[in-house]
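The file target_18.cif comes next; it holds mmCIF, C-alpha atoms and all ligand atoms.
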data_input
loop_
_atom_site.label_atom_id
_atom_site.label_comp_id
_atom_site.auth_asym_id
_atom_site.auth_seq_id
_atom_site.Cartn_x
_atom_site.Cartn_y
_atom_site.Cartn_z
CA MET W 1 -18.79 24.10 -10.47
CA GLN W 2 -16.96 21.34 -12.30
CA LYS W 3 -17.35 17.84 -10.93
CA ARG W 4 -14.38 16.45 -8.99
CA ILE W 5 -14.26 12.70 -8.71
CA TYR W 6 -11.39 11.06 -6.92
CA LEU W 7 -10.54 7.58 -8.21
CA ASP W 8 -6.88 7.47 -7.25
CA ASN W 9 -7.15 6.04 -3.76
CA ASN W 10 -4.12 3.78 -4.13
CA ALA W 11 -1.99 6.95 -4.43
CA THR W 12 -3.51 8.53 -1.36
CA THR W 13 -6.89 8.86 0.34
CA MET W 14 -8.92 11.68 1.80
CA LEU W 15 -8.70 12.02 5.57
CA ASP W 16 -11.94 10.63 6.99
CA PRO W 17 -13.64 13.88 8.09
CA SER W 18 -14.71 12.30 11.39
CA ILE W 19 -11.00 12.11 12.35
CA LEU W 20 -10.19 15.81 12.12
CA PRO W 21 -11.93 16.87 15.38
CA LEU W 22 -9.99 14.18 17.27
CA MET W 23 -6.69 15.66 16.09
CA GLN W 24 -7.51 19.31 16.64
CA PRO W 25 -6.99 19.67 20.44
CA TYR W 26 -3.46 18.32 20.03
CA PHE W 27 -2.19 21.28 17.97
CA CYS W 28 -2.81 24.41 20.07
CA GLU W 29 -4.09 23.11 23.40
CA LYS W 30 -2.55 19.76 24.33
CA PHE W 31 0.57 20.41 22.28
CA GLY W 32 3.09 19.07 24.79
CA ASN W 33 5.98 16.76 24.02
CA PRO W 34 4.97 13.30 25.25
CA ASN W 35 8.47 12.87 26.67
CA SER W 36 8.11 15.89 29.00
CA LEU W 37 7.47 15.09 32.63
CA HIS W 38 5.03 17.96 33.21
CA LYS W 39 1.30 17.95 32.60
CA TYR W 40 1.62 19.14 29.00
CA GLY W 41 3.56 16.00 28.25
CA THR W 42 1.69 13.48 30.35
CA GLU W 43 -1.78 14.60 29.27
CA THR W 44 -1.02 13.29 25.77
CA HIS W 45 -0.28 9.76 27.00
CA PRO W 46 -3.79 8.28 27.23
CA ALA W 47 -4.67 9.30 23.66
CA ILE W 48 -1.37 7.94 22.30
CA GLN W 49 -1.88 4.67 24.15
CA GLU W 50 -5.42 4.39 22.84
CA ALA W 51 -4.24 5.04 19.28
CA ILE W 52 -1.56 2.37 19.55
CA GLU W 53 -4.14 -0.09 20.87
CA LYS W 54 -6.32 0.62 17.84
CA LEU W 55 -3.32 -0.05 15.62
CA TYR W 56 -2.41 -3.38 17.14
CA ASN W 57 -6.03 -4.48 17.23
CA GLY W 58 -6.30 -3.52 13.56
CA ILE W 59 -3.62 -5.99 12.48
CA ASN W 60 -4.13 -8.45 15.36
CA ALA W 61 -0.67 -7.90 16.84
CA ALA W 62 -0.12 -9.77 20.10
CA ASP W 63 1.08 -6.78 22.10
CA SER W 64 1.13 -2.97 21.81
CA ASP W 65 4.94 -3.07 22.19
CA ASP W 66 5.05 -4.74 18.78
CA ILE W 67 4.14 -1.54 16.93
CA VAL W 68 6.55 1.33 16.32
CA ILE W 69 5.37 4.60 14.79
CA THR W 70 7.38 5.85 11.81
CA GLY W 71 7.15 8.83 9.45
CA CYS W 72 5.79 6.80 6.49
CA ALA W 73 5.89 3.34 4.96
CA THR W 74 8.97 4.33 2.97
CA GLU W 75 10.74 4.73 6.30
CA SER W 76 9.32 1.44 7.63
CA ASN W 77 10.52 -0.43 4.53
CA ASN W 78 13.96 1.21 4.66
CA TRP W 79 14.24 0.38 8.32
CA VAL W 80 13.47 -3.30 7.74
CA LEU W 81 16.01 -3.72 4.96
CA LYS W 82 18.78 -1.64 6.52
CA GLY W 83 18.11 -3.12 9.96
CA VAL W 84 18.36 -6.63 8.55
CA TYR W 85 21.57 -5.60 6.81
CA PHE W 86 23.09 -4.72 10.19
CA ASP W 87 21.60 -7.52 12.26
CA GLU W 88 21.57 -10.51 9.92
CA ILE W 89 24.11 -9.68 7.24
CA LEU W 90 26.90 -7.72 8.94
CA LYS W 91 26.57 -9.37 12.35
CA LYS W 92 25.59 -12.95 11.44
CA GLY W 93 27.30 -13.26 8.07
CA LYS W 94 24.18 -13.89 5.98
CA LYS W 95 24.22 -12.54 2.43
CA HIS W 96 20.89 -12.92 0.71
CA ILE W 97 17.49 -11.22 0.51
CA VAL W 98 14.44 -12.50 -1.40
CA THR W 99 11.84 -10.11 -2.78
CA THR W 100 9.73 -9.65 -5.92
CA GLU W 101 10.18 -7.70 -9.13
CA VAL W 102 7.09 -5.59 -8.48
CA GLU W 103 7.64 -4.16 -5.00
CA HIS W 104 7.19 -0.45 -4.37
CA PRO W 105 10.45 1.51 -4.91
CA ALA W 106 10.75 1.88 -1.12
CA ILE W 107 11.71 -1.82 -1.23
CA GLY W 108 13.09 -2.05 -4.79
CA ALA W 109 15.46 0.93 -4.60
CA THR W 110 16.58 0.07 -1.06
CA CYS W 111 17.44 -3.45 -2.24
CA SER W 112 19.49 -1.94 -5.09
CA PHE W 113 21.33 0.18 -2.53
CA LEU W 114 22.08 -2.94 -0.45
CA GLU W 115 23.30 -4.71 -3.60
CA SER W 116 25.82 -1.89 -4.02
CA LEU W 117 27.11 -2.93 -0.58
CA GLY W 118 27.49 -6.56 -1.66
CA VAL W 119 24.13 -8.07 -0.62
CA GLU W 120 22.71 -10.66 -3.02
CA VAL W 121 19.07 -9.98 -3.87
CA THR W 122 16.73 -12.42 -5.63
CA ARG W 123 13.80 -10.58 -7.21
CA LEU W 124 11.15 -13.17 -8.01
CA PRO W 125 9.34 -12.55 -11.30
CA ILE W 126 5.55 -12.46 -11.22
CA ASN W 127 3.61 -15.02 -13.22
CA ALA W 128 0.90 -14.47 -15.85
CA GLN W 129 -1.61 -14.06 -13.01
CA GLY W 130 0.40 -11.09 -11.74
CA THR W 131 1.57 -12.67 -8.48
CA ILE W 132 4.15 -15.12 -7.17
CA THR W 133 3.67 -18.49 -5.49
CA ALA W 134 4.91 -19.67 -2.12
CA GLU W 135 6.76 -22.47 -3.96
CA GLN W 136 8.82 -19.86 -5.83
CA VAL W 137 9.87 -18.44 -2.48
CA ALA W 138 10.67 -21.89 -1.05
CA GLU W 139 12.87 -22.70 -4.05
CA VAL W 140 15.15 -19.68 -3.65
CA ILE W 141 15.57 -19.57 0.14
CA ARG W 142 19.18 -20.48 0.98
CA GLU W 143 21.17 -21.14 4.14
CA ASP W 144 22.37 -17.54 4.07
CA THR W 145 18.98 -15.91 3.36
CA ALA W 146 18.47 -13.09 5.84
CA LEU W 147 14.99 -11.90 4.85
CA VAL W 148 12.01 -12.50 2.59
CA SER W 149 10.08 -9.31 1.77
CA VAL W 150 6.88 -9.66 -0.27
CA MET W 151 4.12 -7.07 -0.54
CA TRP W 152 0.64 -8.09 0.66
CA ALA W 153 -1.14 -6.44 -2.28
CA ASN W 154 0.29 -4.69 -5.31
CA ASN W 155 -0.29 -0.96 -5.56
CA GLU W 156 -0.90 -0.99 -9.32
CA THR W 157 -2.89 -4.15 -10.01
CA GLY W 158 -4.38 -4.63 -6.56
CA LEU W 159 -3.43 -8.32 -6.85
CA ILE W 160 -3.02 -10.13 -3.54
CA PHE W 161 0.09 -12.19 -2.81
CA PRO W 162 -0.11 -15.52 -0.91
CA ILE W 163 1.18 -14.02 2.34
CA GLU W 164 -0.10 -16.73 4.67
CA GLU W 165 1.60 -19.49 2.67
CA ILE W 166 4.84 -17.55 2.32
CA GLY W 167 4.75 -16.79 6.06
CA LYS W 168 4.44 -20.50 6.81
CA ILE W 169 7.42 -21.37 4.62
CA CYS W 170 9.59 -18.64 6.14
CA ARG W 171 8.68 -19.75 9.66
CA GLN W 172 9.49 -23.40 8.79
CA LYS W 173 12.84 -22.40 7.30
CA GLY W 174 13.65 -19.93 10.09
CA VAL W 175 13.90 -16.90 7.78
CA LEU W 176 12.57 -13.47 8.76
CA PHE W 177 9.46 -12.48 6.83
CA HIS W 178 8.48 -8.89 6.07
CA THR W 179 5.41 -7.72 4.19
CA ASP W 180 4.62 -4.27 2.88
CA ALA W 181 0.89 -4.18 3.71
CA VAL W 182 0.35 -0.57 2.62
CA GLN W 183 -2.20 -1.49 -0.04
CA ALA W 184 -3.90 -4.26 1.95
CA ILE W 185 -5.00 -2.50 5.12
CA GLY W 186 -8.62 -1.39 4.96
CA LYS W 187 -9.19 -3.48 1.83
CA ILE W 188 -8.77 -7.06 3.05
CA LEU W 189 -8.26 -8.71 6.43
CA VAL W 190 -4.68 -8.29 7.68
CA ASP W 191 -3.78 -10.57 10.59
CA VAL W 192 -0.08 -10.69 11.43
CA GLN W 193 -0.39 -13.72 13.71
CA LYS W 194 -2.39 -15.83 11.29
CA ALA W 195 0.02 -14.99 8.48
CA ASN W 196 3.20 -15.68 10.52
CA VAL W 197 4.51 -12.24 9.67
CA ASP W 198 7.59 -10.99 11.54
CA LEU W 199 7.62 -7.43 10.20
CA LEU W 200 4.84 -5.43 8.53
CA SER W 201 4.82 -1.88 7.12
CA PHE W 202 1.79 0.36 6.92
CA SER W 203 0.98 3.97 6.07
CA ALA W 204 -1.95 6.03 7.38
CA HIS W 205 -2.64 8.02 4.22
CA LYS W 206 -3.65 4.88 2.32
CA PHE W 207 -6.52 4.19 4.72
CA HIS W 208 -8.03 7.66 5.22
CA GLY W 209 -5.51 8.85 7.78
CA PRO W 210 -3.06 11.74 7.31
CA LYS W 211 0.09 11.72 5.18
CA GLY W 212 3.52 11.58 6.80
CA ILE W 213 2.78 8.97 9.44
CA GLY W 214 3.12 5.20 9.30
CA GLY W 215 4.22 2.27 11.32
CA LEU W 216 6.16 -0.93 11.54
CA TYR W 217 4.97 -4.06 13.29
CA ILE W 218 7.92 -5.94 14.77
CA ARG W 219 7.03 -9.32 16.22
CA LYS W 220 8.22 -9.72 19.80
CA GLY W 221 11.69 -11.24 19.85
CA VAL W 222 12.78 -9.85 16.49
CA GLU W 223 15.78 -7.56 16.87
CA LEU W 224 15.96 -4.63 14.48
CA THR W 225 18.73 -2.05 14.79
CA PRO W 226 17.13 1.42 14.67
CA LEU W 227 17.31 3.47 11.52
CA LEU W 228 17.00 6.73 13.48
CA HIS W 229 19.19 7.01 16.57
CA GLY W 230 18.63 9.85 19.01
CA GLY W 231 16.47 10.37 22.08
CA GLU W 232 14.76 7.43 23.68
CA HIS W 233 11.44 7.79 21.84
CA MET W 234 9.48 4.63 21.16
CA ARG W 235 11.63 2.83 23.74
CA GLY W 236 14.75 3.74 21.77
CA ARG W 237 13.57 1.97 18.64
CA ARG W 238 12.68 5.07 16.61
CA SER W 239 13.86 8.45 17.76
CA GLY W 240 12.11 11.69 16.92
CA THR W 241 9.47 13.59 18.88
CA LEU W 242 6.13 11.86 18.51
CA ASN W 243 3.64 13.50 16.15
CA VAL W 244 0.74 13.26 18.60
CA PRO W 245 -2.21 14.47 16.47
CA TYR W 246 -1.14 12.27 13.56
CA ILE W 247 -0.71 9.20 15.76
CA ILE W 248 -4.20 9.75 17.16
CA ALA W 249 -5.51 10.13 13.62
CA MET W 250 -3.75 7.00 12.37
CA GLY W 251 -5.17 4.94 15.25
CA GLU W 252 -8.70 6.09 14.50
CA ALA W 253 -8.17 5.58 10.76
CA MET W 254 -7.13 1.98 11.46
CA ARG W 255 -10.18 1.43 13.67
CA LEU W 256 -12.44 2.79 10.94
CA ALA W 257 -10.64 0.76 8.27
CA ASN W 258 -11.61 -2.39 10.15
CA GLU W 259 -15.10 -1.17 10.91
CA TYR W 260 -15.67 -0.51 7.20
CA LEU W 261 -13.97 -3.68 5.99
CA ASP W 262 -17.25 -5.49 5.28
CA PHE W 263 -18.50 -2.40 3.44
CA GLU W 264 -15.30 -2.33 1.40
CA LEU W 265 -15.64 -6.02 0.55
CA SER W 266 -19.29 -5.68 -0.44
CA ALA W 267 -20.36 -2.16 -1.48
CA VAL W 268 -17.01 -0.88 -2.80
CA ARG W 269 -16.36 -4.18 -4.56
CA LYS W 270 -19.83 -4.03 -6.14
CA MET W 271 -19.17 -0.53 -7.52
CA ARG W 272 -15.73 -1.57 -8.79
CA ASP W 273 -17.14 -4.70 -10.46
CA TYR W 274 -19.94 -2.69 -12.06
CA LEU W 275 -17.47 -0.13 -13.38
CA GLU W 276 -15.28 -2.92 -14.75
CA ASP W 277 -18.20 -4.74 -16.38
CA LYS W 278 -19.28 -1.57 -18.12
CA LEU W 279 -15.78 -0.66 -19.31
CA LEU W 280 -15.19 -4.21 -20.54
CA GLU W 281 -18.12 -3.71 -22.93
CA ILE W 282 -15.76 -1.47 -24.94
CA LYS W 283 -13.93 -3.32 -27.70
CA ASP W 284 -10.27 -4.20 -27.02
CA VAL W 285 -10.30 -3.35 -23.35
CA PHE W 286 -8.51 -5.61 -20.85
CA VAL W 287 -8.37 -5.81 -17.06
CA VAL W 288 -5.31 -7.18 -15.29
CA GLY W 289 -5.85 -10.09 -12.90
CA THR W 290 -8.87 -12.04 -11.68
CA ARG W 291 -11.30 -10.27 -9.37
CA GLU W 292 -11.17 -13.06 -6.78
CA ASN W 293 -7.52 -12.40 -6.11
CA ARG W 294 -7.69 -8.63 -6.11
CA VAL W 295 -8.32 -6.02 -3.41
CA PRO W 296 -11.91 -4.82 -3.83
CA ASN W 297 -11.19 -1.22 -4.86
CA THR W 298 -8.68 -1.55 -7.71
CA THR W 299 -8.88 -1.96 -11.48
CA LEU W 300 -5.89 -1.77 -13.80
CA ILE W 301 -7.39 -1.44 -17.23
CA SER W 302 -5.85 -1.25 -20.70
CA VAL W 303 -7.45 0.30 -23.73
CA ARG W 304 -5.75 -0.85 -26.91
CA GLY W 305 -4.67 2.02 -29.12
CA ILE W 306 -4.72 4.73 -26.44
CA GLU W 307 -1.74 5.90 -24.40
CA GLY W 308 -2.55 5.83 -20.69
CA GLU W 309 -1.50 9.47 -20.38
CA ALA W 310 -3.89 10.60 -23.12
CA MET W 311 -6.75 8.81 -21.42
CA LEU W 312 -5.77 10.33 -18.09
CA TRP W 313 -5.81 13.77 -19.65
CA ASP W 314 -9.35 13.34 -20.97
CA LEU W 315 -10.55 12.01 -17.61
CA ASN W 316 -8.83 14.88 -15.81
CA LYS W 317 -10.50 17.43 -18.06
CA ALA W 318 -13.84 15.96 -17.00
CA GLY W 319 -12.84 16.24 -13.33
CA ILE W 320 -11.93 12.57 -12.80
CA ALA W 321 -8.65 11.72 -11.09
CA ALA W 322 -7.13 8.33 -11.95
CA SER W 323 -3.55 7.22 -12.54
CA THR W 324 -1.34 5.41 -15.00
CA GLY W 325 0.32 3.41 -12.24
CA SER W 326 2.10 4.39 -9.09
CA ALA W 327 1.94 8.12 -8.32
CA CYS W 328 5.70 8.26 -7.87
CA ALA W 329 6.26 7.13 -11.45
CA SER W 330 3.42 8.94 -13.12
CA GLU W 331 5.50 11.83 -14.43
CA ASP W 332 7.54 9.71 -16.79
CA LEU W 333 6.08 8.00 -19.79
CA GLU W 334 7.58 4.57 -19.18
CA ALA W 335 5.44 1.51 -19.82
CA ASN W 336 3.69 0.32 -16.68
CA PRO W 337 6.28 -1.99 -15.06
CA VAL W 338 3.73 -4.47 -13.71
CA MET W 339 2.16 -4.80 -17.15
CA VAL W 340 5.61 -5.51 -18.56
CA ALA W 341 6.23 -8.09 -15.83
CA ILE W 342 3.03 -10.01 -16.59
CA GLY W 343 4.06 -10.22 -20.22
CA ALA W 344 1.70 -7.70 -21.81
CA ASP W 345 2.95 -6.60 -25.23
CA LYS W 346 4.77 -3.29 -25.31
CA GLU W 347 1.88 -1.38 -26.81
CA LEU W 348 -0.60 -2.63 -24.25
CA ALA W 349 1.81 -1.89 -21.41
CA HIS W 350 1.64 1.80 -22.34
CA THR W 351 -2.12 1.91 -22.12
CA ALA W 352 -2.72 0.96 -18.49
CA ILE W 353 -5.01 3.15 -16.39
CA ARG W 354 -5.41 2.49 -12.68
CA ILE W 355 -8.77 3.29 -11.16
CA SER W 356 -8.90 2.92 -7.39
CA LEU W 357 -12.07 3.54 -5.39
CA SER W 358 -12.78 4.21 -1.73
CA ARG W 359 -15.73 4.07 0.63
CA PHE W 360 -16.35 7.75 -0.16
CA ASN W 361 -17.19 7.15 -3.83
CA THR W 362 -20.81 6.97 -4.95
CA GLN W 363 -22.66 5.05 -7.64
CA GLU W 364 -23.46 8.38 -9.31
CA GLU W 365 -19.74 9.11 -9.62
CA ILE W 366 -19.16 5.68 -11.13
CA ASP W 367 -21.95 6.19 -13.68
CA TYR W 368 -20.46 9.55 -14.69
CA THR W 369 -16.99 7.97 -14.97
CA ILE W 370 -18.30 5.24 -17.27
CA GLU W 371 -19.91 7.84 -19.51
CA VAL W 372 -16.76 9.99 -19.68
CA PHE W 373 -14.50 6.97 -20.18
CA LYS W 374 -16.53 5.67 -23.11
CA LYS W 375 -16.58 9.08 -24.80
CA ALA W 376 -12.83 9.51 -24.27
CA VAL W 377 -12.08 6.13 -25.83
CA GLU W 378 -14.14 7.01 -28.87
CA ARG W 379 -12.54 10.44 -29.26
CA LEU W 380 -8.98 9.22 -28.78
CA ARG W 381 -9.34 6.18 -31.02
CA ASN W 382 -10.73 8.38 -33.77
CA ILE W 383 -7.58 10.51 -33.76
CA SER W 384 -5.19 7.61 -33.12
CA SER W 385 -3.05 6.45 -36.01
CA SER W 386 -2.12 3.21 -34.23
CA TYR W 387 -5.64 1.88 -33.62
CA ASP W 388 -7.32 -0.06 -36.38
CA ALA W 389 -10.90 -0.92 -35.38
N1 LIG M 401 4.47 0.62 -0.32
C1 LIG M 401 3.45 0.60 -1.19
C2 LIG M 401 2.94 -0.70 -1.70
C3 LIG M 401 2.87 1.81 -1.61
O1 LIG M 401 1.85 1.78 -2.47
C4 LIG M 401 3.40 3.02 -1.10
C5 LIG M 401 2.86 4.32 -1.57
O2 LIG M 401 2.47 4.47 -2.74
C6 LIG M 401 4.46 2.98 -0.20
C7 LIG M 401 4.98 1.75 0.17
C8 LIG M 401 5.07 4.22 0.38
O3 LIG M 401 4.25 4.73 1.39
P1 LIG M 401 4.54 6.18 2.02
O4 LIG M 401 3.88 7.15 1.12
O5 LIG M 401 3.89 6.13 3.37
O6 LIG M 401 5.99 6.34 2.12
#
Now, as a test, write the supplied structure out as structure tokens.
Ligand code: PLP
Amino acid sequence: MQKRIYLDNNATTMLDPSILPLMQPYFCEKFGNPNSLHKYGTETHPAIQEAIEKLYNGINAADSDDIVITGCATESNNWVLKGVYFDEILKKGKKHIVTTEVEHPAIGATCSFLESLGVEVTRLPINAQGTITAEQVAEVIREDTALVSVMWANNETGLIFPIEEIGKICRQKGVLFHTDAVQAIGKILVDVQKANVDLLSFSAHKFHGPKGIGGLYIRKGVELTPLLHGGEHMRGRRSGTLNVPYIIAMGEAMRLANEYLDFELSAVRKMRDYLEDKLLEIKDVFVVGTRENRVPNTTLISVRGIEGEAMLWDLNKAGIAASTGSACASEDLEANPVMVAIGADKELAHTAIRISLSRFNTQEEIDYTIEVFKKAVERLRNISSSYDA
């Protein structure tokens, strides 16, 4: 059988197999609606409560009431921006939102939608190090700024943004602060209290939970008009019948993400660094961003003279799954937007390959990947008209 090596963990992750048996009873046996008053409903409550406790412990939220379950991080991000539009912009007369140029489209496209309604959005450009500074944020906050939304870690480069410093500035200036922590959870420590975060989005499938379930942390005291009105689920904050098995799975995935954090920061980082060191031995290969400021599983690597898609194709043929950037954009052949933002030349921006590891990868898989990668570079450069060795 052909090898299958999964190195696209920033797109999605495998469900941790230990989670599946915890979900199973909640499909055919304890399948009740948690809102029902009979036993079928009430017997789901302890497991839901336990899952929510695991979630708030995982991000050090002060209270379990601070976490609302959503369908995905795209929903959480939409909710924040559209909620702020109602609560801060329409009701209080503010006009302005601050974000970055490299947010996930769940923020970027929603901001564009709000611009079409008259909201003014400042998208901070990233610097040559691939991030922004807290000073940049401080400089653009205005009297009428309703929200600052900055991702904790970038999905393509893995670079970490200075969330604690930005949180401090927002708190000092009295501006709401949201962070999309989808790519940070399970990779680095995420502590909402320490970072002065008011709102934080997360998604289970990025930390070995199932797809189609996520959450939003809303600090106590922050009002956010619901995105989904309906029944009184989640204390009226997010209507829709609770997906019990997935909530249980997300809670356990968060617990495991924290349990494995040291492993991620040592063993996964070591494998990633080894892979990077070996690939950097190839001539004209570049890695985006310093390792110190990057989540431990991610490498965005450019191979001069080879289109990212061509490289991906050779890796795929050998059973290795990687990506040219975010999964949502991988069907078009546009230059990697983050590479463009950090000022890479146009040619180099087309050559970016993202390799993202998880705790389920092995050293043997990494050794095989290095071998395949080196062979692919040789083959593709030999047939490339644009590469002059
Ligand atoms: N935010 C970031 C940074 C992401 O990487 C992703 C997924 O790629 C999302 C948001 C969207 O998450 P979901 O798939 O849960 O909607």
I'd like a table as a tab-separated table: residues in chain W with an atom no more than 8 Å from ligand LIG 401 (chain M), each row giving the shortest atom pair and its distance in Å to one decimal, only C-alpha atoms and all ligand atoms counted, sorted by chain and rising residue number.
residue	atom	partner	partner_atom	distance
W:Asn10	CA	M:LIG401	O1	6.5
W:Ala11	CA	M:LIG401	O2	5.4
W:Thr12	CA	M:LIG401	O2	7.4
W:Gly71	CA	M:LIG401	O5	7.4
W:Cys72	CA	M:LIG401	O5	3.7
W:Ala73	CA	M:LIG401	O5	3.8
W:Thr74	CA	M:LIG401	O6	3.7
W:Glu75	CA	M:LIG401	O6	6.5
W:Asn77	CA	M:LIG401	C7	7.4
W:Glu103	CA	M:LIG401	C2	6.7
W:His104	CA	M:LIG401	N1	5.0
W:Pro105	CA	M:LIG401	C7	7.5
W:Ala106	CA	M:LIG401	C7	5.9
W:Ile107	CA	M:LIG401	N1	7.7
W:Met151	CA	M:LIG401	C2	6.6
W:Ala153	CA	M:LIG401	C2	7.1
W:Asn154	CA	M:LIG401	C2	6.0
W:Asn155	CA	M:LIG401	O1	4.7
W:Glu156	CA	M:LIG401	O1	7.9
W:Asp180	CA	M:LIG401	N1	5.8
W:Ala181	CA	M:LIG401	C2	6.8
W:Val182	CA	M:LIG401	C2	5.0
W:Gln183	CA	M:LIG401	C2	5.5
W:Ser201	CA	M:LIG401	C7	7.8
W:Phe202	CA	M:LIG401	O5	7.1
W:Ser203	CA	M:LIG401	O5	4.5
W:Ala204	CA	M:LIG401	O5	7.1
W:His205	CA	M:LIG401	O5	6.9
W:Lys206	CA	M:LIG401	C5	7.6
W:Lys211	CA	M:LIG401	O5	7.0
W:Gly212	CA	M:LIG401	O5	6.5
W:Ile213	CA	M:LIG401	O5	6.8
W:Gly214	CA	M:LIG401	O5	6.1
W:Ser326	CA	M:LIG401	O2	6.4
W:Ala327	CA	M:LIG401	O2	6.7
W:Cys328	CA	M:LIG401	O2	7.1
Listing only residues of region 30-130 of chain W within 10 Å of region 336-347 of chain W, what is the closest atom pair and its distance in Å (to one decimal) for each, using all atoms listed in the file, sorted by chain and residue number ascending, as JSON lines?
{"residue": "W:Glu101", "atom": "CA", "partner": "W:Ala341", "partner_atom": "CA", "distance": 7.8}
{"residue": "W:Val102", "atom": "CA", "partner": "W:Val338", "partner_atom": "CA", "distance": 6.3}
{"residue": "W:Glu103", "atom": "CA", "partner": "W:Val338", "partner_atom": "CA", "distance": 9.6}
{"residue": "W:Pro125", "atom": "CA", "partner": "W:Ala341", "partner_atom": "CA", "distance": 7.1}
{"residue": "W:Ile126", "atom": "CA", "partner": "W:Ala341", "partner_atom": "CA", "distance": 6.4}
{"residue": "W:Asn127", "atom": "CA", "partner": "W:Ile342", "partner_atom": "CA", "distance": 6.1}
{"residue": "W:Ala128", "atom": "CA", "partner": "W:Ile342", "partner_atom": "CA", "distance": 5.0}
{"residue": "W:Gln129", "atom": "CA", "partner": "W:Ile342", "partner_atom": "CA", "distance": 7.1}
{"residue": "W:Gly130", "atom": "CA", "partner": "W:Ile342", "partner_atom": "CA", "distance": 5.6}
Worksheet entry | Long-range neighbours of region 306-310 of chain W as a PyMOL selection string, 7 Å cut-off, all atoms listed in the file, 2 positions minimum in chain | chain W and resi 303-304+312-314+324+350-353+380-381
Worksheet item: Which residues come within 10 Å of region 114-117 of chain W, counting all atoms listed in the file, excluding same-chain residues fewer than 4 positions away, as a ChimeraX atom specification?
Response: /W:81-82,85,95-97,109-110,121
Same residues, C-alpha atoms, saved as a short mmCIF file (atom, residue, chain, number, x, y, z; two decimals), keeping the file's coordinate frame:
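File produced: part.cif:
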data_model
loop_
_atom_site.label_atom_id
_atom_site.label_comp_id
_atom_site.auth_asym_id
_atom_site.auth_seq_id
_atom_site.Cartn_x
_atom_site.Cartn_y
_atom_site.Cartn_z
CA LEU W 81 16.01 -3.72 4.96
CA LYS W 82 18.78 -1.64 6.52
CA TYR W 85 21.57 -5.60 6.81
CA LYS W 95 24.22 -12.54 2.43
CA HIS W 96 20.89 -12.92 0.71
CA ILE W 97 17.49 -11.22 0.51
CA ALA W 109 15.46 0.93 -4.60
CA THR W 110 16.58 0.07 -1.06
CA VAL W 121 19.07 -9.98 -3.87
#
Practice prompt. Tell me which of W:Ala376, W:Met271, W:Leu315, W:Leu224 sits closest to Lys91 (chain W), counting all atoms listed in the file.
Written response: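 Among W:Ala376, W:Met271, W:Leu315, W:Leu224, it is W:Leu224 that comes nearest to Lys91 (chain W).
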Can you pull out the residues contacting Asn35 (chain W)? Cut-off 10 Å, using all atoms listed in the file, and skip same-chain residues under 6 positions away; I want them as a PDB file with C-alpha atoms, in the coordinates of the input.
ATOM      1  CA  GLY W  41       3.560  16.000  28.250  1.00  0.00           C
ATOM      2  CA  THR W  42       1.690  13.480  30.350  1.00  0.00           C
ATOM      3  CA  THR W  44      -1.020  13.290  25.770  1.00  0.00           C
ATOM      4  CA  HIS W  45      -0.280   9.760  27.000  1.00  0.00           C
ATOM      5  CA  GLY W 231      16.470  10.370  22.080  1.00  0.00           C
ATOM      6  CA  GLU W 232      14.760   7.430  23.680  1.00  0.00           C
ATOM      7  CA  HIS W 233      11.440   7.790  21.840  1.00  0.00           C
ATOM      8  CA  MET W 234       9.480   4.630  21.160  1.00  0.00           C
ATOM      9  CA  THR W 241       9.470  13.590  18.880  1.00  0.00           C
ATOM     10  CA  LEU W 242       6.130  11.860  18.510  1.00  0.00           C
TER      11      LEU W 242
END
Discussion item. Using all atoms listed in the file for the distances, tell me which of W:Gln136, W:Thr369, W:Thr298, W:Asn243 is nearest to Lys278 (chain W).
Written reply: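 For Lys278 (chain W), the nearest of the candidates is W:Thr369.
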Discussion item. Need to verify the contact set: Leu176 (chain W), 12 Å, all atoms listed in the file, exclusion of same-chain residues closer than 5 positions in sequence. Can you return it as a VMD selection string?
Written reply: chain W and resid 80 to 81 83 to 84 87 to 88 94 96 to 98 141 144 to 150 166 to 171 196 to 200 218 to 219 221 to 224
For the selection you just gave me, I'd like the residues written to a file as a short mmCIF file (atom, residue, chain, number, x, y, z; two decimals), keeping the file's coordinate frame, keeping C-alpha atoms.
data_model
loop_
_atom_site.label_atom_id
_atom_site.label_comp_id
_atom_site.auth_asym_id
_atom_site.auth_seq_id
_atom_site.Cartn_x
_atom_site.Cartn_y
_atom_site.Cartn_z
CA VAL W 80 13.47 -3.30 7.74
CA LEU W 81 16.01 -3.72 4.96
CA GLY W 83 18.11 -3.12 9.96
CA VAL W 84 18.36 -6.63 8.55
CA ASP W 87 21.60 -7.52 12.26
CA GLU W 88 21.57 -10.51 9.92
CA LYS W 94 24.18 -13.89 5.98
CA HIS W 96 20.89 -12.92 0.71
CA ILE W 97 17.49 -11.22 0.51
CA VAL W 98 14.44 -12.50 -1.40
CA ILE W 141 15.57 -19.57 0.14
CA ASP W 144 22.37 -17.54 4.07
CA THR W 145 18.98 -15.91 3.36
CA ALA W 146 18.47 -13.09 5.84
CA LEU W 147 14.99 -11.90 4.85
CA VAL W 148 12.01 -12.50 2.59
CA SER W 149 10.08 -9.31 1.77
CA VAL W 150 6.88 -9.66 -0.27
CA ILE W 166 4.84 -17.55 2.32
CA GLY W 167 4.75 -16.79 6.06
CA LYS W 168 4.44 -20.50 6.81
CA ILE W 169 7.42 -21.37 4.62
CA CYS W 170 9.59 -18.64 6.14
CA ARG W 171 8.68 -19.75 9.66
CA ASN W 196 3.20 -15.68 10.52
CA VAL W 197 4.51 -12.24 9.67
CA ASP W 198 7.59 -10.99 11.54
CA LEU W 199 7.62 -7.43 10.20
CA LEU W 200 4.84 -5.43 8.53
CA ILE W 218 7.92 -5.94 14.77
CA ARG W 219 7.03 -9.32 16.22
CA GLY W 221 11.69 -11.24 19.85
CA VAL W 222 12.78 -9.85 16.49
CA GLU W 223 15.78 -7.56 16.87
CA LEU W 224 15.96 -4.63 14.48
#
